[in-house]
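Notes follow the structure.
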Amino acid sequence: MNKKIKTEAVDCLFDAVLCLKTREECYSFFEDLCTVNELLSLSQRFEVAAMLKQHKTYLEIAEKTGASTATISRVNRSLNYGNDGYEMIFERMMNDETPLS
């Protein structure tokens with residue numbers, strides 16, 4: 001875990017996210033919290049991660065998502081050398097049979 005982000009304010013934000021129960025609640029909260037572009041960027045990164053997990057090429061990912069190769073590379077680095085957050089979520093989504101992409 002990055003010690004720079006471990007703050008009381010971030011803890012509070014994560015506690016708030018953990019209170020959300022439905023997709024509609026997520027839309028309401030995140031539309032208030034984020035700009036449209038911030039939310040689209042987050043969802044794009046998640047889509048890129050799912051496609052990398054499916055062994056798609058950078059070209060395929062860029063064409064489908066519109067992500068730059070720099071973004072794809074950054075997400076790939078997180079998948080390979082990060083804190084396994086993506087891996088944890090993908091595993092849980094597979095167990096819940098939630099589609100990754």
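Chain labels follow the order of the structure tokens: the first chain is A, the next B, and so on; residue numbering restarts at 1 in every chain, and ligands are counted from 1 in their shown order.
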Original post:
Which neighbours of range 42-54 of chain A fall inside 9 Å, counting only C-alpha atoms, when residues of the same chain fewer than 6 positions from it are skipped, and could you give them as a ChimeraX atom specification?
Top reply: /A:60-62,65-67,71-72,75-76,78-79,86-87,90,100-101
Restricting the output to N, CA and C atoms, write the selected residues as a PDB file, in the first residue's frame.
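See selection.pdb below for the written result:
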```
ATOM      1  N   GLU A  60      -5.313  -3.808 -30.122  1.00  0.00           N
ATOM      2  CA  GLU A  60      -6.730  -4.156 -29.925  1.00  0.00           C
ATOM      3  C   GLU A  60      -7.349  -3.303 -28.820  1.00  0.00           C
ATOM      4  N   ILE A  61      -6.598  -3.141 -27.729  1.00  0.00           N
ATOM      5  CA  ILE A  61      -7.104  -2.381 -26.584  1.00  0.00           C
ATOM      6  C   ILE A  61      -7.276  -0.907 -26.951  1.00  0.00           C
ATOM      7  N   ALA A  62      -6.271  -0.349 -27.622  1.00  0.00           N
ATOM      8  CA  ALA A  62      -6.336   1.057 -28.020  1.00  0.00           C
ATOM      9  C   ALA A  62      -7.513   1.302 -28.958  1.00  0.00           C
ATOM     10  N   THR A  65     -10.897   0.823 -26.760  1.00  0.00           N
ATOM     11  CA  THR A  65     -11.128   1.721 -25.618  1.00  0.00           C
ATOM     12  C   THR A  65     -10.775   3.178 -25.894  1.00  0.00           C
ATOM     13  N   GLY A  66      -9.929   3.402 -26.883  1.00  0.00           N
ATOM     14  CA  GLY A  66      -9.444   4.753 -27.132  1.00  0.00           C
ATOM     15  C   GLY A  66      -8.316   5.152 -26.193  1.00  0.00           C
ATOM     16  N   ALA A  67      -7.851   4.219 -25.381  1.00  0.00           N
ATOM     17  CA  ALA A  67      -6.762   4.503 -24.442  1.00  0.00           C
ATOM     18  C   ALA A  67      -5.447   4.671 -25.189  1.00  0.00           C
ATOM     19  N   THR A  71      -1.314   4.927 -21.291  1.00  0.00           N
ATOM     20  CA  THR A  71      -2.300   4.458 -20.302  1.00  0.00           C
ATOM     21  C   THR A  71      -2.300   2.941 -20.230  1.00  0.00           C
ATOM     22  N   ILE A  72      -2.270   2.300 -21.380  1.00  0.00           N
ATOM     23  CA  ILE A  72      -2.261   0.829 -21.410  1.00  0.00           C
ATOM     24  C   ILE A  72      -1.018   0.308 -20.697  1.00  0.00           C
ATOM     25  N   VAL A  75      -1.382   0.726 -16.885  1.00  0.00           N
ATOM     26  CA  VAL A  75      -2.278  -0.288 -16.327  1.00  0.00           C
ATOM     27  C   VAL A  75      -1.568  -1.647 -16.310  1.00  0.00           C
ATOM     28  N   ASN A  76      -0.854  -1.955 -17.378  1.00  0.00           N
ATOM     29  CA  ASN A  76      -0.128  -3.222 -17.448  1.00  0.00           C
ATOM     30  C   ASN A  76       0.910  -3.314 -16.333  1.00  0.00           C
ATOM     31  N   SER A  78       0.699  -1.869 -13.440  1.00  0.00           N
ATOM     32  CA  SER A  78      -0.054  -2.120 -12.199  1.00  0.00           C
ATOM     33  C   SER A  78      -0.459  -3.582 -12.086  1.00  0.00           C
ATOM     34  N   LEU A  79      -0.868  -4.160 -13.202  1.00  0.00           N
ATOM     35  CA  LEU A  79      -1.244  -5.582 -13.194  1.00  0.00           C
ATOM     36  C   LEU A  79      -0.054  -6.460 -12.829  1.00  0.00           C
ATOM     37  N   TYR A  86      -6.324  -5.213  -8.900  1.00  0.00           N
ATOM     38  CA  TYR A  86      -7.085  -5.660 -10.072  1.00  0.00           C
ATOM     39  C   TYR A  86      -7.360  -7.160  -9.969  1.00  0.00           C
ATOM     40  N   GLU A  87      -6.307  -7.913  -9.639  1.00  0.00           N
ATOM     41  CA  GLU A  87      -6.430  -9.379  -9.543  1.00  0.00           C
ATOM     42  C   GLU A  87      -7.519  -9.771  -8.561  1.00  0.00           C
ATOM     43  N   PHE A  90     -10.926  -8.954 -10.141  1.00  0.00           N
ATOM     44  CA  PHE A  90     -11.258  -9.880 -11.230  1.00  0.00           C
ATOM     45  C   PHE A  90     -11.656 -11.246 -10.687  1.00  0.00           C
ATOM     46  N   LEU A 100     -16.462  -9.223 -17.180  1.00  0.00           N
ATOM     47  CA  LEU A 100     -15.337  -8.303 -17.073  1.00  0.00           C
ATOM     48  C   LEU A 100     -15.350  -7.272 -18.188  1.00  0.00           C
ATOM     49  N   SER A 101     -15.897  -7.599 -19.310  1.00  0.00           N
ATOM     50  CA  SER A 101     -15.892  -6.644 -20.410  1.00  0.00           C
ATOM     51  C   SER A 101     -16.806  -7.111 -21.523  1.00  0.00           C
TER      52      SER A 101
END
```
**OP:** Using DSSP on the backbone, list every residue of chain A that comes out as alpha helix (DSSP H), and give them as a PyMOL selection string.
**Re:** chain A and resi 8-18+23-33+36-53+58-65+69-81+85-95
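Take CA of Phe29 in chain A and CA of Leu13 in chain A: the distance between them is 10.9 Å.
Computed from the coordinates, the CA of Asp96 in chain A to CA of Arg23 in chain A distance equals 14.9 Å.
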